[in-house]
Amino acid sequence: MDAQTIEPGLDIGPAVAKLRFFRFAEFVLVFLTIVSVPIAADFFLLGDEAEDLQQQFGSGFSPGALTLATVALVVAIVAGILTYRAAGKLRSGPLRRHQFLLLVAAVAFLIAGIIFGMQFERMMHRAMIIRAVPSASAMQLAMLQYDIGFSMTSPAERERQIAELQEKIAQDGLEKQAKAGAIEQAALPRIALAEFNVGAAIACALGVWGLIAFRRSPLGPGTTAMTYLDTMEQERRKQTPPRLAGKPIDRTRGLLFLAAAIGVLVGQFWLPPLNFALNALIGVIIGAAVFIALFRAKQYLQISADSLLGKDKRAPILFLRSFSDDPKVNAAAGISHEGLAQLIDFSVETRLADHFMGFGPFIAVGSPKEAVPQIGAARVKLSDDEWQAAVTHWMETSSVIVMYAGTTHWVGWELKRIIEGGFTDKLIILFPPVLPFPGFWQTSWLKRQKADIAARFERLKAAFTGTKWADGWDVTDPETIICARLEADGSIAFTRSRRRSKDAYDLATKIAHLGLLGLDPVLDHEPNGVPAKP
């Protein structure tokens, strides 16, 4: 390829795109784990009644099949719990374990789905037979024409017997309809469970494929994303974090919110049966309430900044950003899949915190408008007279400075202090995603994103005017750039991805961090971050 056609920067987009299948499977597995817990519990409770149900509804409730389905669900639940513990993390070890867990979960869900589907088919067949087989009264009525004694009775007696049999036939028909309807009613949840489980098995299989494809996707000559993740994992193991964790921000409030969430979830099982509209309304209210309670619990149970800095004596990692770039919590997300997704993997900042907390206390100045703590970096509340001196001190003592490129006056002041203080050798610049996510208005959102990143680039160009990096910001397609690291020779190592997902930011940050540590596994960058020809 001609050198003039090479886009400056390392493009991680194709590799990260594969992870969307894995993240979807991860979300599905965690969601169905939550759903499967009460289902498995019901099956355990039905264990002693399986024989009675078998007699009532036919072979749909075979005790052996019930046991196998329960075991498969338990295996899937265990896989889901283990998956949740590492959900939203982009590390080599968990990714390899996820590949095995998703495969196990796919098999377990498939077994459970097949069993539920077979139960549904057998129960529906049983209901069809009940409706189709004539009753004894109908057979007796049909045989009257061959009964010599019946033909010898008086017309009035014959009419009376026929009327009695017809009345009995009608009564038997109602009983058959009721019994068949009861079996069909009991069968309907089975087909829903079968569809959900088979769908989950397909999602988990796609997740395994996406994970394998990600691990094999090249980022450069002889390099894959896993090469960088393995190198970063080796550095993480060399760290010596404090043995004892710090104190939560507010343990009491956190536990109260957690108890409230559990109470609401358990309490819904005692609600009386209602019509569809009321059930839907209550479901919306419960979903929003549980989401807010769990999210508040997560916020208050974070380690406080004072406790973190008191326990962890390693050099801090400073996080600088405009308060307007802080992720927002939307209570409405609690009634959709976004609620669970945010509880599992809230924001880019939570990814940054998960990574950098392994290398030192990840700290930031807290917004004075925050009524409750933000999830992510440990916030330090400072007055207007304190924060500039504190930030300058942290710039000097930190091992890494992570900055969201911004357009506000104070972000410009912080960038100026970094340049004047000579702290550019530990700076990672990220271009945050435009919030909120596009939804159905993707075209409008893409225009906002392009304009937003262009404005951030213009502010960076102005800040670096007169420095050796001034010309490095003249790049094509700046809207694809998500991360930048300043090289000592005046070049800028960019990382690009058209898919601005959390995984993209996570991987780009880890690559930049390795560059700061001088541990880039393979690539040597030429000016503007163009990979050198092998």
# chains A, B, ... in the order shown; residues from 1 in each chain; ligands from 1

$ closest_atom_pairs --of "stretch 346-430 of chain A" --to "stretch 308-314 of chain A" --cutoff "9 Å" --atoms "only C-alpha atoms" --output "JSON lines"
{"residue": "A:Phe359", "atom": "CA", "partner": "A:Arg314", "partner_atom": "CA", "distance": 7.8}
{"residue": "A:Gly360", "atom": "CA", "partner": "A:Arg314", "partner_atom": "CA", "distance": 5.4}
{"residue": "A:Pro361", "atom": "CA", "partner": "A:Asp312", "partner_atom": "CA", "distance": 6.4}
{"residue": "A:Phe362", "atom": "CA", "partner": "A:Leu308", "partner_atom": "CA", "distance": 8.9}
{"residue": "A:Ile363", "atom": "CA", "partner": "A:Leu309", "partner_atom": "CA", "distance": 8.8}
{"residue": "A:Ala378", "atom": "CA", "partner": "A:Leu308", "partner_atom": "CA", "distance": 7.8}
{"residue": "A:Ser398", "atom": "CA", "partner": "A:Arg314", "partner_atom": "CA", "distance": 8.9}
{"residue": "A:Ser399", "atom": "CA", "partner": "A:Arg314", "partner_atom": "CA", "distance": 8.9}

$ select_by_dssp --residues "stretch 234-394 of chain A" --states "alpha helix (DSSP H)" --output "ChimeraX atom specification"
/A:234-237,251-267,276-300,305-311,337-344,348-356,387-394

$ closest_atom_pairs --of "stretch 85-185 of chain A" --to "stretch 201-213 of chain A" --cutoff "7 Å" --atoms "only C-alpha atoms" --output "tab-separated table"
residue	atom	partner	partner_atom	distance
A:Gln99	CA	A:Val208	CA	5.5
A:Leu102	CA	A:Cys204	CA	5.3
A:Leu103	CA	A:Ala205	CA	6.5
A:Ala105	CA	A:Cys204	CA	6.9
A:Ala106	CA	A:Ala201	CA	4.1
A:Val107	CA	A:Ala201	CA	6.7
A:Phe109	CA	A:Ala201	CA	5.2
A:Leu110	CA	A:Ala201	CA	5.4

$ residues_around --residues "stretch 452-469 of chain A" --least-positions-apart "3" --cutoff "9 Å" --atoms "only C-alpha atoms" --output "list in words"
Ala405, Gly406, Thr407, Thr408, Gly412, Leu415, Lys416, Ile419, Phe431, Pro432, Pro433, Val434, Lys447, Arg448, Gln449, Gly472, Trp473, Asp474, Pro478, Glu479, Ile481, Leu486, Glu487, Asp489, Gly490, Ser491 and Ile492 of chain A

$ write_last_selection --atoms "N, CA and C atoms" --output "mmCIF file, in the first residue's frame"
data_model
loop_
_atom_site.group_PDB
_atom_site.id
_atom_site.type_symbol
_atom_site.label_atom_id
_atom_site.label_comp_id
_atom_site.auth_asym_id
_atom_site.auth_seq_id
_atom_site.Cartn_x
_atom_site.Cartn_y
_atom_site.Cartn_z
ATOM 1 N N ALA A 405 -10.318 15.401 26.193
ATOM 2 C CA ALA A 405 -10.192 16.639 25.429
ATOM 3 C C ALA A 405 -11.506 17.406 25.545
ATOM 4 N N GLY A 406 -11.423 18.658 25.934
ATOM 5 C CA GLY A 406 -12.642 19.435 26.152
ATOM 6 C C GLY A 406 -12.554 20.807 25.524
ATOM 7 N N THR A 407 -13.615 21.569 25.683
ATOM 8 C CA THR A 407 -13.681 22.906 25.100
ATOM 9 C C THR A 407 -13.877 23.989 26.154
ATOM 10 N N THR A 408 -13.960 23.622 27.417
ATOM 11 C CA THR A 408 -14.217 24.609 28.455
ATOM 12 C C THR A 408 -12.932 25.338 28.848
ATOM 13 N N GLY A 412 -8.905 23.888 29.313
ATOM 14 C CA GLY A 412 -7.792 24.565 28.652
ATOM 15 C C GLY A 412 -6.717 24.982 29.641
ATOM 16 N N LEU A 415 -4.733 21.864 30.585
ATOM 17 C CA LEU A 415 -3.846 21.455 29.504
ATOM 18 C C LEU A 415 -2.639 22.388 29.423
ATOM 19 N N LYS A 416 -2.866 23.637 29.622
ATOM 20 C CA LYS A 416 -1.755 24.597 29.618
ATOM 21 C C LYS A 416 -0.768 24.297 30.730
ATOM 22 N N ILE A 419 1.386 21.302 29.741
ATOM 23 C CA ILE A 419 2.413 21.639 28.750
ATOM 24 C C ILE A 419 3.532 22.446 29.401
ATOM 25 N N PHE A 431 -10.918 11.292 23.461
ATOM 26 C CA PHE A 431 -12.017 12.072 22.897
ATOM 27 C C PHE A 431 -13.309 11.345 23.246
ATOM 28 N N PRO A 432 -14.010 11.802 24.271
ATOM 29 C CA PRO A 432 -15.151 11.035 24.797
ATOM 30 C C PRO A 432 -16.303 10.977 23.815
ATOM 31 N N PRO A 433 -17.156 9.963 23.948
ATOM 32 C CA PRO A 433 -18.322 9.859 23.065
ATOM 33 C C PRO A 433 -19.325 10.950 23.367
ATOM 34 N N VAL A 434 -20.047 11.353 22.345
ATOM 35 C CA VAL A 434 -21.115 12.334 22.533
ATOM 36 C C VAL A 434 -22.280 11.638 23.224
ATOM 37 N N LYS A 447 -23.723 13.814 13.288
ATOM 38 C CA LYS A 447 -23.363 15.203 12.999
ATOM 39 C C LYS A 447 -22.893 15.901 14.268
ATOM 40 N N ARG A 448 -23.592 15.656 15.372
ATOM 41 C CA ARG A 448 -23.181 16.246 16.649
ATOM 42 C C ARG A 448 -21.815 15.737 17.057
ATOM 43 N N GLN A 449 -21.580 14.437 16.845
ATOM 44 C CA GLN A 449 -20.291 13.855 17.217
ATOM 45 C C GLN A 449 -19.161 14.481 16.403
ATOM 46 N N GLY A 472 1.214 18.044 14.522
ATOM 47 C CA GLY A 472 0.727 16.675 14.640
ATOM 48 C C GLY A 472 -0.783 16.553 14.691
ATOM 49 N N TRP A 473 -1.476 17.654 14.967
ATOM 50 C CA TRP A 473 -2.940 17.603 15.078
ATOM 51 C C TRP A 473 -3.639 17.780 13.743
ATOM 52 N N ASP A 474 -2.876 17.984 12.667
ATOM 53 C CA ASP A 474 -3.474 18.093 11.335
ATOM 54 C C ASP A 474 -3.636 16.685 10.761
ATOM 55 N N PRO A 478 -10.790 13.266 11.800
ATOM 56 C CA PRO A 478 -10.565 13.342 13.249
ATOM 57 C C PRO A 478 -11.687 12.696 14.069
ATOM 58 N N GLU A 479 -12.876 12.551 13.449
ATOM 59 C CA GLU A 479 -13.984 11.958 14.197
ATOM 60 C C GLU A 479 -13.768 10.479 14.479
ATOM 61 N N ILE A 481 -10.815 9.374 15.622
ATOM 62 C CA ILE A 481 -9.758 9.291 16.635
ATOM 63 C C ILE A 481 -10.396 9.270 18.026
ATOM 64 N N LEU A 486 1.351 11.727 23.216
ATOM 65 C CA LEU A 486 2.396 12.580 22.681
ATOM 66 C C LEU A 486 3.739 11.869 22.763
ATOM 67 N N GLU A 487 4.443 11.821 21.614
ATOM 68 C CA GLU A 487 5.763 11.211 21.564
ATOM 69 C C GLU A 487 6.837 12.268 21.821
ATOM 70 N N ASP A 489 9.499 12.839 20.215
ATOM 71 C CA ASP A 489 10.057 13.417 18.990
ATOM 72 C C ASP A 489 9.120 14.409 18.318
ATOM 73 N N GLY A 490 7.999 14.719 18.943
ATOM 74 C CA GLY A 490 7.060 15.679 18.378
ATOM 75 C C GLY A 490 5.937 15.058 17.583
ATOM 76 N N SER A 491 5.925 13.749 17.446
ATOM 77 C CA SER A 491 4.828 13.074 16.770
ATOM 78 C C SER A 491 3.726 12.738 17.777
ATOM 79 N N ILE A 492 2.600 12.332 17.245
ATOM 80 C CA ILE A 492 1.459 11.966 18.095
ATOM 81 C C ILE A 492 0.993 10.583 17.688
#

$ closest_residue --among "A:Leu19, A:Ile77, A:Ala488, A:Ala508" --to "A:Phe214" --atoms "only C-alpha atoms"
A:Leu19

$ closest_residue --among "A:Gly9, A:Gly113, A:Gly199, A:Gly254" --to "A:Leu29" --atoms "only C-alpha atoms"
A:Gly199

$ atom_distance --atom1 "atom CA of A:Phe100" --atom2 "atom CA of A:Leu229"
18.2 Å

$ atom_distance --atom1 "atom CA of A:Leu32" --atom2 "atom CA of A:Leu82"
13.3 Å

$ select_by_dssp --residues "stretch 480-524 of chain A" --states "strand (DSSP E or B)" --output "ChimeraX atom specification"
/A:481-486,492-496

$ write_last_selection --atoms "all heavy atoms" --output "tab-separated table (two decimals), in the first residue's frame"
chain	number	residue	atom	x	y	z
A	481	ILE	N	-10.81	9.37	15.62
A	481	ILE	CA	-9.76	9.29	16.64
A	481	ILE	C	-10.40	9.27	18.03
A	481	ILE	O	-11.25	10.10	18.35
A	481	ILE	CB	-8.78	10.47	16.50
A	481	ILE	CG1	-8.01	10.35	15.19
A	481	ILE	CG2	-7.82	10.51	17.68
A	481	ILE	CD1	-7.09	11.51	14.91
A	482	ILE	N	-9.98	8.34	18.83
A	482	ILE	CA	-10.52	8.24	20.20
A	482	ILE	C	-9.45	8.42	21.26
A	482	ILE	O	-9.77	8.67	22.42
A	482	ILE	CB	-11.23	6.89	20.42
A	482	ILE	CG1	-10.25	5.72	20.22
A	482	ILE	CG2	-12.43	6.74	19.51
A	482	ILE	CD1	-10.87	4.38	20.55
A	483	CYS	N	-8.16	8.33	20.87
A	483	CYS	CA	-7.10	8.42	21.86
A	483	CYS	C	-5.85	8.98	21.21
A	483	CYS	O	-5.59	8.73	20.02
A	483	CYS	CB	-6.83	7.04	22.47
A	483	CYS	SG	-5.57	7.02	23.77
A	484	ALA	N	-5.07	9.76	21.98
A	484	ALA	CA	-3.83	10.33	21.48
A	484	ALA	C	-2.78	10.31	22.59
A	484	ALA	O	-3.10	10.54	23.76
A	484	ALA	CB	-4.04	11.75	20.97
A	485	ARG	N	-1.55	10.03	22.20
A	485	ARG	CA	-0.42	10.06	23.14
A	485	ARG	C	0.72	10.81	22.47
A	485	ARG	O	1.05	10.58	21.31
A	485	ARG	CB	0.01	8.63	23.49
A	485	ARG	CG	1.23	8.55	24.39
A	485	ARG	CD	1.51	7.11	24.80
A	485	ARG	NE	1.72	6.25	23.65
A	485	ARG	CZ	2.90	6.13	23.01
A	485	ARG	NH1	3.94	6.83	23.40
A	485	ARG	NH2	3.00	5.31	21.97
A	486	LEU	N	1.35	11.73	23.22
A	486	LEU	CA	2.40	12.58	22.68
A	486	LEU	C	3.74	11.87	22.76
A	486	LEU	O	4.14	11.39	23.83
A	486	LEU	CB	2.45	13.90	23.46
A	486	LEU	CG	1.13	14.67	23.57
A	486	LEU	CD1	1.32	15.93	24.39
A	486	LEU	CD2	0.58	15.00	22.20
A	492	ILE	N	2.60	12.33	17.25
A	492	ILE	CA	1.46	11.97	18.09
A	492	ILE	C	0.99	10.58	17.69
A	492	ILE	O	0.71	10.33	16.51
A	492	ILE	CB	0.30	12.98	17.95
A	492	ILE	CG1	0.78	14.40	18.27
A	492	ILE	CG2	-0.85	12.60	18.89
A	492	ILE	CD1	-0.27	15.47	18.05
A	493	ALA	N	0.93	9.68	18.65
A	493	ALA	CA	0.44	8.32	18.39
A	493	ALA	C	-1.07	8.31	18.60
A	493	ALA	O	-1.55	8.42	19.73
A	493	ALA	CB	1.12	7.32	19.33
A	494	PHE	N	-1.82	8.22	17.49
A	494	PHE	CA	-3.28	8.20	17.55
A	494	PHE	C	-3.78	6.76	17.54
A	494	PHE	O	-3.16	5.88	16.94
A	494	PHE	CB	-3.88	8.94	16.35
A	494	PHE	CG	-3.65	10.42	16.37
A	494	PHE	CD1	-2.84	11.02	15.41
A	494	PHE	CD2	-4.24	11.21	17.32
A	494	PHE	CE1	-2.63	12.38	15.41
A	494	PHE	CE2	-4.04	12.58	17.35
A	494	PHE	CZ	-3.22	13.17	16.38
A	495	THR	N	-4.90	6.56	18.17
A	495	THR	CA	-5.63	5.29	18.06
A	495	THR	C	-7.01	5.61	17.53
A	495	THR	O	-7.71	6.47	18.07
A	495	THR	CB	-5.73	4.58	19.42
A	495	THR	OG1	-4.43	4.43	19.97
A	495	THR	CG2	-6.37	3.21	19.25
A	496	ARG	N	-7.39	4.88	16.48
A	496	ARG	CA	-8.65	5.17	15.80
A	496	ARG	C	-9.63	4.01	15.95
A	496	ARG	O	-9.24	2.86	16.06
A	496	ARG	CB	-8.41	5.40	14.29
A	496	ARG	CG	-7.63	6.64	13.95
A	496	ARG	CD	-7.39	6.73	12.46
A	496	ARG	NE	-6.71	7.96	12.07
A	496	ARG	CZ	-7.33	9.07	11.70
A	496	ARG	NH1	-8.64	9.10	11.65
A	496	ARG	NH2	-6.63	10.14	11.36

$ atom_distance --atom1 "atom CA of A:Val348" --atom2 "atom CA of A:Tyr505"
6.8 Å

$ residues_around --residues "A:Ala364" --least-positions-apart "4" --cutoff "9 Å" --atoms "only C-alpha atoms" --output "list of chain:residue names"
A:Ala305, A:Ile317, A:Leu318, A:Phe319, A:Leu320, A:Arg321, A:Ala377, A:Ala378, A:Arg379, A:Val380, A:Lys381, A:Val391
